[in-house]
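S.K.: PDB, C-alpha atoms and all ligand atoms, file final_8.pdb:
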ATOM      1  CA  MET A   1     141.044 114.592  87.819  1.00  0.00           C
ATOM      2  CA  THR A   2     137.958 112.503  87.195  1.00  0.00           C
ATOM      3  CA  THR A   3     134.417 113.742  87.391  1.00  0.00           C
ATOM      4  CA  SER A   4     133.985 112.015  90.733  1.00  0.00           C
ATOM      5  CA  ASP A   5     136.471 114.491  92.288  1.00  0.00           C
ATOM      6  CA  ARG A   6     134.671 117.645  91.199  1.00  0.00           C
ATOM      7  CA  GLN A   7     134.614 120.063  94.110  1.00  0.00           C
ATOM      8  CA  GLY A   8     131.669 122.348  94.652  1.00  0.00           C
ATOM      9  CA  TRP A   9     129.824 121.045  91.621  1.00  0.00           C
ATOM     10  CA  SER A  10     126.065 121.373  91.836  1.00  0.00           C
ATOM     11  CA  PHE A  11     123.036 121.537  89.563  1.00  0.00           C
ATOM     12  CA  ASP A  12     122.957 125.276  90.301  1.00  0.00           C
ATOM     13  CA  SER A  13     126.588 125.819  89.336  1.00  0.00           C
ATOM     14  CA  ALA A  14     125.991 123.868  86.130  1.00  0.00           C
ATOM     15  CA  ARG A  15     123.063 125.917  84.858  1.00  0.00           C
ATOM     16  CA  VAL A  16     123.530 127.287  81.353  1.00  0.00           C
ATOM     17  CA  PRO A  17     122.410 130.524  79.691  1.00  0.00           C
ATOM     18  CA  ALA A  18     119.025 130.272  78.016  1.00  0.00           C
ATOM     19  CA  SER A  19     119.265 129.464  74.315  1.00  0.00           C
ATOM     20  CA  PHE A  20     116.904 130.533  71.546  1.00  0.00           C
ATOM     21  CA  THR A  21     116.363 129.483  67.959  1.00  0.00           C
ATOM     22  CA  ALA A  22     117.438 132.087  65.416  1.00  0.00           C
ATOM     23  CA  CYS A  23     114.988 133.723  63.034  1.00  0.00           C
ATOM     24  CA  GLU A  24     114.814 136.648  60.624  1.00  0.00           C
ATOM     25  CA  GLU A  25     112.059 138.994  59.691  1.00  0.00           C
ATOM     26  CA  THR A  26     111.105 137.609  56.278  1.00  0.00           C
ATOM     27  CA  ASP A  27     110.806 141.047  54.671  1.00  0.00           C
ATOM     28  CA  ALA A  28     113.894 142.438  56.415  1.00  0.00           C
ATOM     29  CA  PRO A  29     116.616 139.790  56.152  1.00  0.00           C
ATOM     30  CA  GLY A  30     120.136 140.341  57.476  1.00  0.00           C
ATOM     31  CA  VAL A  31     119.246 140.753  61.145  1.00  0.00           C
ATOM     32  CA  GLU A  32     118.835 137.679  63.325  1.00  0.00           C
ATOM     33  CA  HIS A  33     116.307 137.613  66.145  1.00  0.00           C
ATOM     34  CA  ALA A  34     115.700 135.179  69.014  1.00  0.00           C
ATOM     35  CA  LEU A  35     112.540 133.095  68.705  1.00  0.00           C
ATOM     36  CA  THR A  36     110.165 132.435  71.611  1.00  0.00           C
ATOM     37  CA  ALA A  37     106.785 130.690  71.539  1.00  0.00           C
ATOM     38  CA  ASP A  38     104.988 132.804  68.919  1.00  0.00           C
ATOM     39  CA  ARG A  39     107.202 135.822  68.243  1.00  0.00           C
ATOM     40  CA  ALA A  40     110.727 137.143  68.357  1.00  0.00           C
ATOM     41  CA  LEU A  41     111.863 138.322  71.800  1.00  0.00           C
ATOM     42  CA  CYS A  42     111.793 141.906  70.530  1.00  0.00           C
ATOM     43  CA  GLY A  43     108.136 141.486  69.536  1.00  0.00           C
ATOM     44  CA  ILE A  44     107.956 140.613  65.814  1.00  0.00           C
ATOM     45  CA  PRO A  45     105.049 138.159  65.404  1.00  0.00           C
ATOM     46  CA  GLU A  46     105.820 134.662  64.135  1.00  0.00           C
ATOM     47  CA  ALA A  47     103.852 135.115  60.914  1.00  0.00           C
ATOM     48  CA  ARG A  48     106.465 137.638  59.780  1.00  0.00           C
ATOM     49  CA  LEU A  49     109.461 135.444  60.696  1.00  0.00           C
ATOM     50  CA  THR A  50     111.581 132.912  58.855  1.00  0.00           C
ATOM     51  CA  VAL A  51     112.903 130.389  61.358  1.00  0.00           C
ATOM     52  CA  TYR A  52     116.380 128.899  61.132  1.00  0.00           C
ATOM     53  CA  ARG A  53     117.703 125.582  62.331  1.00  0.00           C
ATOM     54  CA  HIS A  54     120.507 127.141  64.345  1.00  0.00           C
ATOM     55  CA  LEU A  55     120.641 129.050  67.612  1.00  0.00           C
ATOM     56  CA  PHE A  56     120.569 132.800  68.024  1.00  0.00           C
ATOM     57  CA  THR A  57     124.041 134.073  68.911  1.00  0.00           C
ATOM     58  CA  PRO A  58     123.746 137.378  70.789  1.00  0.00           C
ATOM     59  CA  SER A  59     127.417 138.287  70.181  1.00  0.00           C
ATOM     60  CA  GLN A  60     127.073 138.001  66.412  1.00  0.00           C
ATOM     61  CA  LYS A  61     127.237 141.232  64.404  1.00  0.00           C
ATOM     62  CA  SER A  62     123.943 140.468  62.676  1.00  0.00           C
ATOM     63  CA  ALA A  63     122.101 139.963  65.992  1.00  0.00           C
ATOM     64  CA  CYS A  64     119.174 142.232  66.846  1.00  0.00           C
ATOM     65  CA  ALA A  65     120.338 144.421  69.759  1.00  0.00           C
ATOM     66  CA  ARG A  66     116.993 144.261  71.597  1.00  0.00           C
ATOM     67  CA  CYS A  67     116.831 140.463  71.307  1.00  0.00           C
ATOM     68  CA  ALA A  68     120.438 140.193  72.550  1.00  0.00           C
ATOM     69  CA  GLU A  69     119.559 142.393  75.530  1.00  0.00           C
ATOM     70  CA  LEU A  70     116.513 140.267  76.399  1.00  0.00           C
ATOM     71  CA  VAL A  71     118.458 137.018  75.998  1.00  0.00           C
ATOM     72  CA  ALA A  72     120.966 138.292  78.565  1.00  0.00           C
ATOM     73  CA  GLU A  73     118.096 138.873  81.009  1.00  0.00           C
ATOM     74  CA  ALA A  74     116.440 135.490  80.424  1.00  0.00           C
ATOM     75  CA  PRO A  75     116.631 133.011  83.320  1.00  0.00           C
ATOM     76  CA  SER A  76     119.311 130.344  82.978  1.00  0.00           C
ATOM     77  CA  GLU A  77     118.343 126.745  82.246  1.00  0.00           C
ATOM     78  CA  PRO A  78     119.217 123.450  83.916  1.00  0.00           C
ATOM     79  CA  GLY A  79     122.445 121.844  82.748  1.00  0.00           C
ATOM     80  CA  VAL A  80     122.510 118.480  81.009  1.00  0.00           C
ATOM     81  CA  GLN A  81     123.069 116.513  84.241  1.00  0.00           C
ATOM     82  CA  GLU A  82     120.001 118.038  85.871  1.00  0.00           C
ATOM     83  CA  ARG A  83     117.840 117.444  82.785  1.00  0.00           C
ATOM     84  CA  LEU A  84     118.921 113.819  82.548  1.00  0.00           C
ATOM     85  CA  HIS A  85     118.447 113.410  86.317  1.00  0.00           C
ATOM     86  CA  ASP A  86     114.806 114.471  85.861  1.00  0.00           C
ATOM     87  CA  ARG A  87     114.312 111.810  83.194  1.00  0.00           C
ATOM     88  CA  VAL A  88     116.117 109.058  85.138  1.00  0.00           C
ATOM     89  CA  ARG A  89     113.950 109.734  88.209  1.00  0.00           C
ATOM     90  CA  GLY A  90     111.095 108.237  86.194  1.00  0.00           C
ATOM     91  CA  ALA A  91     113.088 105.086  85.412  1.00  0.00           C
ATOM     92  CA  ALA A  92     112.339 101.653  86.848  1.00  0.00           C
ATOM     93  CA  ALA A  93     113.581 101.539  90.444  1.00  0.00           C
ATOM     94  CA  GLY A  94     116.752  99.666  91.302  1.00  0.00           C
ATOM     95  CA  PRO A  95     120.346 100.030  92.456  1.00  0.00           C
ATOM     96  CA  LEU A  96     121.597 101.140  89.008  1.00  0.00           C
ATOM     97  CA  ARG A  97     119.068 103.969  88.917  1.00  0.00           C
ATOM     98  CA  GLU A  98     120.099 105.104  92.414  1.00  0.00           C
ATOM     99  CA  GLU A  99     123.773 104.938  91.520  1.00  0.00           C
ATOM    100  CA  LEU A 100     123.252 106.940  88.340  1.00  0.00           C
ATOM    101  CA  LEU A 101     121.105 109.584  90.075  1.00  0.00           C
ATOM    102  CA  ALA A 102     123.866 110.065  92.680  1.00  0.00           C
ATOM    103  CA  ALA A 103     126.516 110.260  89.947  1.00  0.00           C
ATOM    104  CA  LEU A 104     124.540 112.916  88.056  1.00  0.00           C
ATOM    105  CA  ARG A 105     124.181 114.977  91.233  1.00  0.00           C
ATOM    106  CA  GLN A 106     127.987 114.919  91.453  1.00  0.00           C
ATOM    107  CA  GLY A 107     128.434 116.148  87.894  1.00  0.00           C
ATOM    108  CA  ALA A 108     129.051 112.895  86.014  1.00  0.00           C
ATOM    109  CA  ASP A 109     129.974 113.347  82.347  1.00  0.00           C
ATOM    110  CA  VAL A 110     127.042 113.020  79.985  1.00  0.00           C
ATOM    111  CA  GLY A 111     129.068 112.052  76.931  1.00  0.00           C
ATOM    112  CA  LEU A 112     126.151 111.565  74.587  1.00  0.00           C
ATOM    113  CA  TRP A 113     122.420 112.168  74.639  1.00  0.00           C
ATOM    114  CA  ILE A 114     120.618 111.685  71.374  1.00  0.00           C
ATOM    115  CA  ASN A 115     117.157 110.903  70.049  1.00  0.00           C
ATOM    116  CA  GLY A 116     116.336 108.993  66.905  1.00  0.00           C
ATOM    117  CA  PRO A 117     114.913 105.810  65.418  1.00  0.00           C
ATOM    118  CA  THR A 118     115.567 102.840  67.702  1.00  0.00           C
ATOM    119  CA  SER A 119     117.225 100.693  65.040  1.00  0.00           C
ATOM    120  CA  THR A 120     119.733 103.419  64.122  1.00  0.00           C
ATOM    121  CA  LEU A 121     120.592 104.241  67.712  1.00  0.00           C
ATOM    122  CA  LEU A 122     121.065 100.603  68.668  1.00  0.00           C
ATOM    123  CA  ARG A 123     123.192  99.897  65.623  1.00  0.00           C
ATOM    124  CA  HIS A 124     125.480 102.914  65.879  1.00  0.00           C
ATOM    125  CA  TYR A 125     125.451 104.224  69.442  1.00  0.00           C
ATOM    126  CA  ALA A 126     124.245 101.746  72.057  1.00  0.00           C
ATOM    127  CA  GLN A 127     127.233  99.344  71.893  1.00  0.00           C
ATOM    128  CA  LEU A 128     124.972  96.584  73.161  1.00  0.00           C
ATOM    129  CA  ASP A 129     127.811  94.045  73.432  1.00  0.00           C
ATOM    130  CA  ARG A 130     129.330  96.130  76.237  1.00  0.00           C
ATOM    131  CA  ILE A 131     126.150  96.226  78.351  1.00  0.00           C
ATOM    132  CA  VAL A 132     126.605  93.889  81.299  1.00  0.00           C
ATOM    133  CA  GLU A 133     123.787  94.837  83.661  1.00  0.00           C
ATOM    134  CA  GLY A 134     120.168  96.006  83.434  1.00  0.00           C
ATOM    135  CA  GLY A 135     119.776  95.230  79.739  1.00  0.00           C
ATOM    136  CA  GLU A 136     116.751  92.931  80.013  1.00  0.00           C
ATOM    137  CA  PRO A 137     114.188  95.522  78.746  1.00  0.00           C
ATOM    138  CA  ILE A 138     116.180  96.172  75.555  1.00  0.00           C
ATOM    139  CA  GLU A 139     114.443  93.352  73.713  1.00  0.00           C
ATOM    140  CA  ALA A 140     111.040  95.018  74.142  1.00  0.00           C
ATOM    141  CA  VAL A 141     112.485  98.305  72.880  1.00  0.00           C
ATOM    142  CA  VAL A 142     113.819  96.550  69.784  1.00  0.00           C
ATOM    143  CA  ARG A 143     110.413  94.942  69.191  1.00  0.00           C
ATOM    144  CA  ALA A 144     108.535  98.245  69.562  1.00  0.00           C
ATOM    145  CA  ASP A 145     110.984  99.910  67.122  1.00  0.00           C
ATOM    146  CA  ARG A 146     109.780 103.433  67.944  1.00  0.00           C
ATOM    147  CA  ARG A 147     111.863 106.508  68.513  1.00  0.00           C
ATOM    148  CA  LEU A 148     114.332 106.309  71.357  1.00  0.00           C
ATOM    149  CA  GLY A 149     116.465 108.562  73.516  1.00  0.00           C
ATOM    150  CA  LEU A 150     119.879 107.236  74.440  1.00  0.00           C
ATOM    151  CA  ALA A 151     122.308 108.727  76.940  1.00  0.00           C
ATOM    152  CA  ARG A 152     125.790 107.591  77.911  1.00  0.00           C
ATOM    153  CA  VAL A 153     127.165 108.700  81.276  1.00  0.00           C
ATOM    154  CA  VAL A 154     130.666 108.133  82.609  1.00  0.00           C
ATOM    155  CA  HIS A 155     131.468 108.597  86.270  1.00  0.00           C
ATOM    156  CA  GLY A 156     134.872 107.515  87.523  1.00  0.00           C
ATOM    157  CA  THR A 157     135.278 103.914  86.400  1.00  0.00           C
ATOM    158  CA  ARG A 158     131.526 103.397  85.925  1.00  0.00           C
ATOM    159  CA  GLU A 159     129.701 103.776  82.662  1.00  0.00           C
ATOM    160  CA  PHE A 160     125.932 103.862  82.253  1.00  0.00           C
ATOM    161  CA  VAL A 161     123.711 103.743  79.190  1.00  0.00           C
ATOM    162  CA  VAL A 162     120.207 105.136  79.700  1.00  0.00           C
ATOM    163  CA  PHE A 163     117.426 104.070  77.354  1.00  0.00           C
ATOM    164  CA  ILE A 164     114.506 106.497  77.081  1.00  0.00           C
ATOM    165  CA  PRO A 165     111.809 104.932  74.887  1.00  0.00           C
ATOM    166  CA  GLU A 166     109.461 107.468  73.328  1.00  0.00           C
ATOM    167  CA  ASP A 167     106.363 105.936  74.881  1.00  0.00           C
ATOM    168  CA  GLY A 168     107.766 103.813  77.657  1.00  0.00           C
ATOM    169  CA  ARG A 169     109.606 104.031  80.916  1.00  0.00           C
ATOM    170  CA  PRO A 170     113.335 104.868  80.853  1.00  0.00           C
ATOM    171  CA  PHE A 171     115.738 102.242  82.164  1.00  0.00           C
ATOM    172  CA  VAL A 172     119.361 102.309  83.212  1.00  0.00           C
ATOM    173  CA  THR A 173     121.992  99.822  82.116  1.00  0.00           C
ATOM    174  CA  ARG A 174     125.663  99.497  82.933  1.00  0.00           C
ATOM    175  CA  ALA A 175     128.390  99.050  80.343  1.00  0.00           C
ATOM    176  CA  GLU A 176     131.769  97.473  80.742  1.00  0.00           C
ATOM    177  CA  PRO A 177     134.521 100.101  80.357  1.00  0.00           C
ATOM    178  CA  ALA A 178     135.801 100.120  76.783  1.00  0.00           C
TER
HETATM  179 ZN    ZN B   1     114.891 141.057  67.638  1.00  0.00          ZN
END
Please render this file's structure as structure tokens.

M.R.:
Amino acid sequence: MTTSDRQGWSFDSARVPASFTACEETDAPGVEHALTADRALCGIPEARLTVYRHLFTPSQKSACARCAELVAEAPSEPGVQERLHDRVRGAAAGPLREELLAALRQGADVGLWINGPTSTLLRHYAQLDRIVEGGEPIEAVVRADRRLGLARVVHGTREFVVFIPEDGRPFVTRAEPA
């Protein structure tokens, strides 16, 4: 089965549980809490927290029970297709954009979506030699050499590479199947 055959797939069905960064109370290590804007979900203010670079896992033994309870009640979040769809809507208009938007609404596979320095992403992830359509703006992105978002989407036999320049308009290209 390819992604283009997915039955009953929708942005709603693809929503994911809310995720939170893990943190610990600096003076009471050993219990992980879930971080929100300026405090842990259970109420500990940020000034008393040490923040980790991994996500809070409610099922973990070291998880704060109150935080785990509140995480379970938190509203779900859009899935990756819906989030990318929102970004691609702001892309330069054209048939590739329309085709990709339709593919994302049908649950196309987002195989990769990363952010980083343009030169690194182009060298290691963009596979520029496979891009056969829509690649004209790439030159300007190379010249600007800022940070870049790059997403690769596969839908049936079609493959798209989306460029999301940090301070420019996203654009959609098509790659030849590998
Ligand atoms: Zn907590």

S.K.: Between A:Val172, A:Ala102, A:Ala178, A:Ala92, which is the closest to Glu133 (chain A) once you count all atoms listed in the file?

M.R.: A:Val172

S.K.: Would you kindly translate the PyMOL selection byres (((not hetatm)) within 8 of (chain B and resi 1)) into the concrete residues it picks from this file, as a PDB file with C-alpha atoms, in the frame of the given file?

M.R.:
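The new file part-v8.pdb reads:
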ATOM      1  CA  VAL A  31     119.246 140.753  61.145  1.00  0.00           C
ATOM      2  CA  GLU A  32     118.835 137.679  63.325  1.00  0.00           C
ATOM      3  CA  HIS A  33     116.307 137.613  66.145  1.00  0.00           C
ATOM      4  CA  ALA A  34     115.700 135.179  69.014  1.00  0.00           C
ATOM      5  CA  ALA A  40     110.727 137.143  68.357  1.00  0.00           C
ATOM      6  CA  LEU A  41     111.863 138.322  71.800  1.00  0.00           C
ATOM      7  CA  CYS A  42     111.793 141.906  70.530  1.00  0.00           C
ATOM      8  CA  GLY A  43     108.136 141.486  69.536  1.00  0.00           C
ATOM      9  CA  ILE A  44     107.956 140.613  65.814  1.00  0.00           C
ATOM     10  CA  ALA A  63     122.101 139.963  65.992  1.00  0.00           C
ATOM     11  CA  CYS A  64     119.174 142.232  66.846  1.00  0.00           C
ATOM     12  CA  ALA A  65     120.338 144.421  69.759  1.00  0.00           C
ATOM     13  CA  ARG A  66     116.993 144.261  71.597  1.00  0.00           C
ATOM     14  CA  CYS A  67     116.831 140.463  71.307  1.00  0.00           C
ATOM     15  CA  ALA A  68     120.438 140.193  72.550  1.00  0.00           C
TER      16      ALA A  68
END

S.K.: Can you measure CA of Val110 (chain A) to CA of His54 (chain A) for me? One decimal in Å is fine.

M.R.: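 Rounded to one decimal, the two atoms are 22.1 Å apart.
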
S.K.: On this structure, the PyMOL selection byres (((chain A and resi 47) around 12) and not hetatm) would catch which residues? List them as a list in words, sorted by chain and number.

M.R.: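 Given this file, the PyMOL selection byres (((chain A and resi 47) around 12) and not hetatm) evaluates to Cys23, Glu24, Glu25, Thr26, Asp27, Leu35, Ala37, Asp38, Arg39, Ala40, Gly43, Ile44, Pro45, Glu46, Arg48, Leu49, Thr50 and Val51 of chain A.
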
S.K.: So which one's closest to Ala108 (chain A), A:Arg174, A:Arg130, A:Arg152, A:His124? Using only C-alpha atoms, please.

M.R.: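 For Ala108 (chain A), the nearest of the candidates is A:Arg152.
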
S.K.: Show me, as a list in words, the residues that have an atom within 8 Å of Arg15 (chain A) when counting only C-alpha atoms, minus same-chain residues fewer than 2 positions from it.

M.R.: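 The neighbour list is Phe11, Asp12, Ser13, Pro17, Ser76, Glu77, Pro78 and Gly79 of chain A.
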
S.K.: Which of these residues is nearest to Arg89 (chain A), using only C-alpha atoms: A:Ala14, A:Ala140, A:Val162, A:Ala72?

M.R.: A:Val162

S.K.: Could you state the separation of CA of Arg105 (chain A) and CA of Glu176 (chain A) in Å, given to one decimal place?

M.R.: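 Here the two named atoms are 21.8 Å from each other.
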